[in-house]
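Raw contents of my_file.cif, mmCIF, C-alpha atoms:
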data_start
#
loop_
_atom_site.label_atom_id
_atom_site.label_comp_id
_atom_site.auth_asym_id
_atom_site.auth_seq_id
_atom_site.Cartn_x
_atom_site.Cartn_y
_atom_site.Cartn_z
CA MET A 1 138.62 138.77 66.51
CA ARG A 2 139.46 135.08 66.88
CA GLU A 3 138.75 132.77 63.95
CA ASP A 4 139.11 129.06 63.44
CA SER A 5 140.98 129.09 60.13
CA MET A 6 139.56 125.69 59.15
CA SER A 7 135.87 126.35 59.72
CA GLY A 8 135.62 130.14 59.44
CA ILE A 9 133.89 130.22 62.84
CA ARG A 10 134.74 133.25 64.95
CA ARG A 11 134.77 132.58 68.66
CA ASP A 12 133.45 136.06 69.47
CA LEU A 13 130.47 135.51 67.14
CA LEU A 14 129.75 131.85 67.84
CA GLY A 15 126.27 131.51 69.33
CA LYS A 16 125.39 135.18 68.82
CA THR A 17 122.12 136.11 67.14
CA ALA A 18 121.91 138.80 64.46
CA LEU A 19 118.88 140.59 63.04
CA ILE A 20 119.57 141.95 59.55
CA THR A 21 116.90 144.04 57.87
CA GLY A 22 116.35 143.47 54.16
CA SER A 23 118.35 140.24 54.19
CA ALA A 24 116.44 138.17 51.63
CA LYS A 25 118.60 139.29 48.71
CA ARG A 26 121.57 141.32 47.48
CA LEU A 27 123.87 142.85 50.12
CA GLY A 28 121.67 141.92 53.07
CA LYS A 29 121.64 138.26 52.03
CA HIS A 30 125.42 138.24 51.62
CA LEU A 31 125.95 139.72 55.08
CA ALA A 32 123.50 137.25 56.61
CA LEU A 33 125.29 134.26 55.10
CA SER A 34 128.68 135.66 56.07
CA LEU A 35 127.68 136.05 59.71
CA ALA A 36 126.13 132.59 59.69
CA GLN A 37 129.38 131.13 58.37
CA SER A 38 131.13 132.86 61.27
CA GLY A 39 128.84 131.25 63.85
CA CYS A 40 125.77 133.50 64.18
CA ASP A 41 122.13 132.55 64.16
CA ILE A 42 120.21 134.91 61.88
CA VAL A 43 116.84 136.63 61.80
CA VAL A 44 116.15 137.18 58.09
CA HIS A 45 113.85 140.16 57.59
CA HIS A 46 111.96 140.68 54.34
CA ASN A 47 108.98 142.58 53.02
CA HIS A 48 107.79 141.16 49.68
CA ASN A 49 110.45 138.48 49.17
CA GLY A 50 109.10 135.55 51.17
CA ASP A 51 110.43 132.83 48.88
CA GLU A 52 113.88 134.39 48.77
CA ALA A 53 113.88 134.75 52.57
CA GLN A 54 113.02 131.07 53.04
CA SER A 55 115.84 130.17 50.65
CA VAL A 56 118.29 132.18 52.76
CA VAL A 57 116.99 130.45 55.90
CA ALA A 58 117.63 127.07 54.25
CA GLU A 59 121.19 128.09 53.33
CA ILE A 60 121.88 129.24 56.89
CA GLU A 61 120.45 126.05 58.38
CA ALA A 62 122.66 124.04 56.01
CA LEU A 63 125.61 125.75 57.70
CA GLY A 64 124.44 124.36 61.03
CA ARG A 65 123.02 127.62 62.36
CA LYS A 66 119.47 128.61 63.29
CA ALA A 67 117.49 131.05 61.16
CA TRP A 68 114.05 132.61 61.10
CA ALA A 69 112.29 134.53 58.30
CA ILE A 70 110.09 137.41 59.44
CA GLN A 71 107.98 139.62 57.20
CA ALA A 72 107.51 143.27 58.10
CA ASP A 73 106.61 146.30 56.00
CA PHE A 74 108.27 149.42 57.39
CA LEU A 75 105.73 151.59 55.57
CA GLU A 76 102.85 150.10 57.55
CA ALA A 77 101.98 151.51 60.97
CA GLY A 78 103.86 149.46 63.55
CA GLY A 79 105.88 147.53 60.96
CA ALA A 80 109.24 147.97 62.69
CA GLU A 81 107.69 147.26 66.09
CA LYS A 82 106.21 144.05 64.65
CA LEU A 83 109.62 142.94 63.41
CA ALA A 84 111.26 143.55 66.78
CA LYS A 85 108.52 141.75 68.70
CA GLN A 86 108.55 138.72 66.41
CA ALA A 87 112.35 138.56 66.33
CA PHE A 88 112.66 138.52 70.13
CA LEU A 89 109.80 136.02 70.42
CA LYS A 90 111.29 133.55 67.93
CA ALA A 91 115.03 134.01 68.39
CA GLY A 92 115.35 135.25 71.96
CA PRO A 93 117.88 138.00 72.80
CA ILE A 94 119.49 139.68 69.81
CA ASP A 95 123.21 140.46 70.02
CA ILE A 96 123.69 142.22 66.66
CA LEU A 97 121.37 144.59 64.79
CA VAL A 98 122.21 145.45 61.18
CA ASN A 99 120.07 148.23 59.67
CA ASN A 100 120.59 147.31 56.03
CA VAL A 101 117.31 148.47 54.45
CA GLY A 102 117.79 151.53 52.28
CA ASN A 103 114.83 152.31 50.05
CA TYR A 104 116.14 154.40 47.18
CA LEU A 105 114.13 156.95 45.24
CA ARG A 106 115.71 158.56 42.20
CA LYS A 107 113.50 161.53 41.43
CA PRO A 108 114.02 165.31 41.12
CA VAL A 109 113.43 167.03 44.44
CA LEU A 110 110.75 169.32 42.97
CA GLU A 111 108.78 166.27 41.84
CA THR A 112 109.10 164.23 45.05
CA THR A 113 105.71 164.03 46.74
CA ALA A 114 104.97 164.24 50.45
CA THR A 115 103.93 160.58 50.37
CA GLU A 116 107.26 159.61 48.83
CA TRP A 117 109.15 161.66 51.41
CA ARG A 118 107.29 159.96 54.25
CA GLY A 119 107.93 156.52 52.78
CA ILE A 120 111.69 157.04 52.47
CA LEU A 121 111.98 158.50 55.96
CA GLU A 122 109.87 155.72 57.50
CA ALA A 123 111.94 152.93 55.94
CA ASN A 124 115.42 154.41 56.14
CA LEU A 125 115.36 156.45 59.34
CA ILE A 126 112.35 155.90 61.58
CA ALA A 127 112.38 152.09 61.36
CA PRO A 128 116.07 151.92 62.39
CA GLN A 129 115.35 154.27 65.30
CA VAL A 130 112.50 152.02 66.47
CA LEU A 131 114.64 148.89 66.09
CA ILE A 132 117.58 150.43 67.94
CA GLN A 133 115.40 151.36 70.90
CA ALA A 134 113.87 147.87 71.00
CA PHE A 135 117.30 146.29 70.65
CA VAL A 136 118.75 148.27 73.54
CA ALA A 137 115.82 147.39 75.81
CA GLN A 138 116.56 143.66 75.45
CA CYS A 139 120.32 143.77 74.89
CA PRO A 140 122.29 141.08 76.73
CA ASP A 141 124.48 142.12 79.66
CA SER A 142 127.51 141.18 77.57
CA GLY A 143 126.82 144.17 75.34
CA GLY A 144 125.84 144.29 71.71
CA GLN A 145 126.56 145.71 68.31
CA ILE A 146 124.56 148.01 66.05
CA LEU A 147 125.62 148.57 62.45
CA SER A 148 123.82 150.70 59.88
CA VAL A 149 124.38 150.98 56.13
CA GLY A 150 124.77 154.42 54.54
CA TYR A 151 126.18 155.57 51.21
CA ALA A 152 129.59 156.75 50.00
CA GLY A 153 130.33 160.42 50.65
CA LEU A 154 127.74 160.61 53.40
CA GLU A 155 129.86 162.84 55.62
CA SER A 156 130.51 165.42 52.89
CA ILE A 157 127.11 167.06 52.74
CA ARG A 158 126.36 168.31 49.25
CA PRO A 159 123.20 168.43 47.16
CA HIS A 160 121.88 165.41 45.30
CA GLN A 161 118.98 166.88 43.35
CA ASN A 162 117.71 163.52 42.10
CA ALA A 163 118.02 161.58 45.36
CA THR A 164 117.36 164.17 48.04
CA ALA A 165 114.94 162.15 50.16
CA TYR A 166 117.36 159.22 50.28
CA GLN A 167 120.24 161.53 51.14
CA VAL A 168 118.32 163.18 53.97
CA SER A 169 117.23 159.83 55.43
CA LYS A 170 120.75 158.37 55.42
CA THR A 171 122.29 161.57 56.78
CA GLY A 172 119.80 161.35 59.64
CA LEU A 173 120.85 157.72 60.19
CA TYR A 174 124.47 158.86 60.40
CA ILE A 175 123.54 161.37 63.10
CA LEU A 176 121.67 158.61 64.96
CA THR A 177 124.79 156.44 64.72
CA LYS A 178 127.01 159.10 66.29
CA THR A 179 124.48 159.93 68.98
CA TYR A 180 123.76 156.35 69.97
CA ALA A 181 127.47 155.51 69.98
CA GLU A 182 128.02 158.11 72.68
CA THR A 183 124.81 157.26 74.54
CA LEU A 184 125.28 153.49 74.59
CA ALA A 185 129.03 153.18 75.13
CA PRO A 186 128.63 152.95 78.94
CA LYS A 187 126.36 149.92 78.36
CA GLY A 188 129.03 148.18 76.30
CA ILE A 189 127.07 148.62 73.06
CA ARG A 190 129.06 149.81 70.05
CA VAL A 191 127.34 151.60 67.16
CA ASN A 192 128.93 152.07 63.74
CA MET A 193 128.14 152.58 60.07
CA ILE A 194 129.33 151.26 56.71
CA SER A 195 128.83 153.34 53.56
CA PRO A 196 129.29 151.41 50.30
CA GLY A 197 130.02 153.04 46.98
CA HIS A 198 129.28 151.43 43.63
CA LEU A 199 129.30 147.65 43.98
CA ASP A 200 129.75 145.32 41.04
CA ASN A 201 126.05 144.37 41.31
CA SER A 202 124.81 147.98 41.58
CA VAL A 203 121.89 148.93 39.35
CA ASP A 204 123.50 152.28 38.48
CA LEU A 205 127.12 151.23 37.92
CA PRO A 206 128.98 153.96 35.95
CA GLU A 207 129.87 153.18 32.35
CA ASN A 208 133.39 154.58 32.81
CA ILE A 209 134.43 153.18 36.18
CA PRO A 210 138.03 154.55 36.24
CA ALA A 211 136.70 158.05 35.63
CA GLU A 212 134.37 157.79 38.62
CA ILE A 213 136.23 155.54 41.07
CA PRO A 214 139.88 156.40 41.82
CA LEU A 215 140.86 152.81 42.64
CA GLY A 216 139.63 151.80 39.21
CA ARG A 217 137.13 149.08 40.05
CA ALA A 218 133.68 148.63 41.49
CA GLY A 219 133.38 147.34 45.03
CA ARG A 220 132.79 143.68 45.76
CA LEU A 221 130.39 142.24 48.29
CA SER A 222 133.46 140.81 50.01
CA ASP A 223 134.75 144.37 50.56
CA ILE A 224 131.63 145.19 52.58
CA GLU A 225 131.85 141.84 54.34
CA ASP A 226 135.42 142.59 55.48
CA ALA A 227 134.34 145.92 56.95
CA LEU A 228 131.37 144.29 58.66
CA HIS A 229 133.59 141.75 60.39
CA TYR A 230 136.07 144.41 61.44
CA LEU A 231 133.41 146.54 63.08
CA LEU A 232 131.54 143.62 64.66
CA ASP A 233 134.59 142.39 66.57
CA PHE A 234 133.24 141.90 70.10
CA ASP A 235 136.72 142.67 71.43
CA GLY A 236 136.79 145.88 69.38
CA TYR A 237 137.48 149.44 70.48
CA VAL A 238 135.79 151.31 67.61
CA THR A 239 132.46 153.09 67.98
CA GLY A 240 130.72 156.04 66.35
CA VAL A 241 132.52 155.74 63.03
CA ASN A 242 131.38 155.64 59.43
CA LEU A 243 133.56 153.63 57.04
CA ASP A 244 133.36 154.56 53.35
CA ILE A 245 133.95 151.35 51.38
CA ALA A 246 134.05 153.02 48.01
CA GLY A 247 137.48 152.95 46.38
CA GLY A 248 137.75 156.72 46.68
CA TYR A 249 134.37 157.43 45.06
CA ARG A 250 133.01 160.82 46.16
CA LEU A 251 136.17 161.82 47.98
#
Is it possible to express this structure as structure tokens?
Amino acid sequence: MREDSMSGIRRDLLGKTALITGSAKRLGKHLALSLAQSGCDIVVHHNHNGDEAQSVVAEIEALGRKAWAIQADFLEAGGAEKLAKQAFLKAGPIDILVNNVGNYLRKPVLETTATEWRGILEANLIAPQVLIQAFVAQCPDSGGQILSVGYAGLESIRPHQNATAYQVSKTGLYILTKTYAETLAPKGIRVNMISPGHLDNSVDLPENIPAEIPLGRAGRLSDIEDALHYLLDFDGYVTGVNLDIAGGYRL
């Protein structure tokens, strides 16, 4: 990683193009702006947040980078394929794919319908699989980076009765990460995962944080940003890993 301390531009990221799913708001927006500040052009994906996506595009362009907003609904037939096609058409080759979308359903497993199961799996697992395959097919000869977002404690499989569909989808994404890391390493493509715990903007932040999080505070968006930049180092030697960024939550 080589950074110009005055501008924040990273020489290994300068001129790269990143596609970040769900990047119109919250964590996805923060990661998009962070990569733009480091020198990347950004494809901003959204579903229902067109105004927010255009606002993110404007912020990225104000940093002197290129940006494109693309709408795609992963629950519609061909939604992920549409996103890939439009991204390559507008932005050209993509160097970095960040699978950030993580539709979350909090509902007892006995009450979760087949339609709800299909929706969670389509958005959180099948869409990333489609995007990874499309990404690899067009990946530059210089290699590329794939990063997916999971959840804290992902590797310690245990029941979550009120979020089972989400858990299954993200566990499947973890398996995809490990498999693609091994498969794509000879092509110079590294594949990793970040699993946040409770962030300070989480909708379900515990009332008693010290009782739930050993390090005694909620995570910050900057904590996830630091992990992102570590894993996306184009001179890096890390692949196939999942980093829990959770302050010890769910150890």
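Around Ile60 in chain A, within 10 Å and counting all atoms listed in the file, the residues found are Ala32, Leu33, Ser34, Leu35, Ala36, Gln37, Cys40, Asp41, Ile42, Val44, Gln54, Ser55, Val56, Val57, Leu63, Gly64, Arg65, Lys66, Ala67 and Trp68 of chain A, once anything fewer than 3 positions away on its own chain is removed.
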### Message
Running the PyMOL selection byres ((chain A and resi 118) around 12) on this model by hand, what would come out? Give it as a ChimeraX atom specification.
### Response
/A:74-76,103,105,112-117,119-127,165-166,168-169
### Message
For this structure, which residues satisfy the selection - the PyMOL selection byres ((chain A and resi 222-226) around 8) - when it is evaluated on the file as given? I want them as JSON, numbers by chain.
### Response
{"A": [30, 31, 34, 194, 196, 219, 220, 221, 227, 228, 229, 230, 245]}
### Task
Just say which residues the PyMOL selection byres ((chain A and resi 92-102) around 6) picks in this file, as a list in words.
Lys16, Thr17, Ala18, Leu19, Ile20, Thr21, Gly22, Phe88, Leu89, Lys90, Ala91, Asn103, Asn124, Gly144, Gln145, Ile146, Leu147, Ser148 and Val149 of chain A
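Closest to Arg158 in chain A among A:Leu215, A:Leu251, A:Ala58, A:Met193 is A:Leu251, based on all atoms listed in the file.
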#### Entry: 8 Å contact set for Ala163 in chain A, only C-alpha atoms, chain neighbours under 6 positions out, as a count of residues only
6
### Computed interatomic separation between CA of Gly50 in chain A and CA of Gly150 in chain A (Å)
24.8 Å
### Message
With distances taken over all atoms listed in the file, which residue among A:Ile209, A:Ala137, A:Glu52, A:Ser142 lies nearest Lys85 in chain A?
### Response
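Looking at the shortest contact to Lys85 in chain A, the residue is A:Ala137.
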### CA of Leu83 in chain A to CA of Gln129 in chain A, straight-line distance in Å
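Distance between the two atoms: 12.8 Å.
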### Query
Which of these, A:Glu212, A:Asp235, A:Asp244, A:Asp51, has the shortest distance to Leu154 in chain A once you count all atoms listed in the file?
A:Asp244
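You will find CA of Thr183 in chain A at 20.8 Å from CA of Ala84 in chain A.
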### Nearest to Ser23 in chain A, chosen from A:Ser202, A:Glu61, A:Ala185, A:Gln71, with only C-alpha atoms counted in the distances
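Closest to Ser23 in chain A of all the choices is A:Gln71.
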### Task
Tell me which of A:Gly15, A:Gly247, A:Pro159, A:Pro214 sits closest to His198 in chain A, counting all atoms listed in the file.
A:Gly247
### Task
Tell me which of A:Leu205, A:Val238, A:Ile189, A:Ala218 sits closest to Gly143 in chain A, counting only C-alpha atoms.
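Of the candidates, the smallest distance to Gly143 in chain A is held by A:Ile189.
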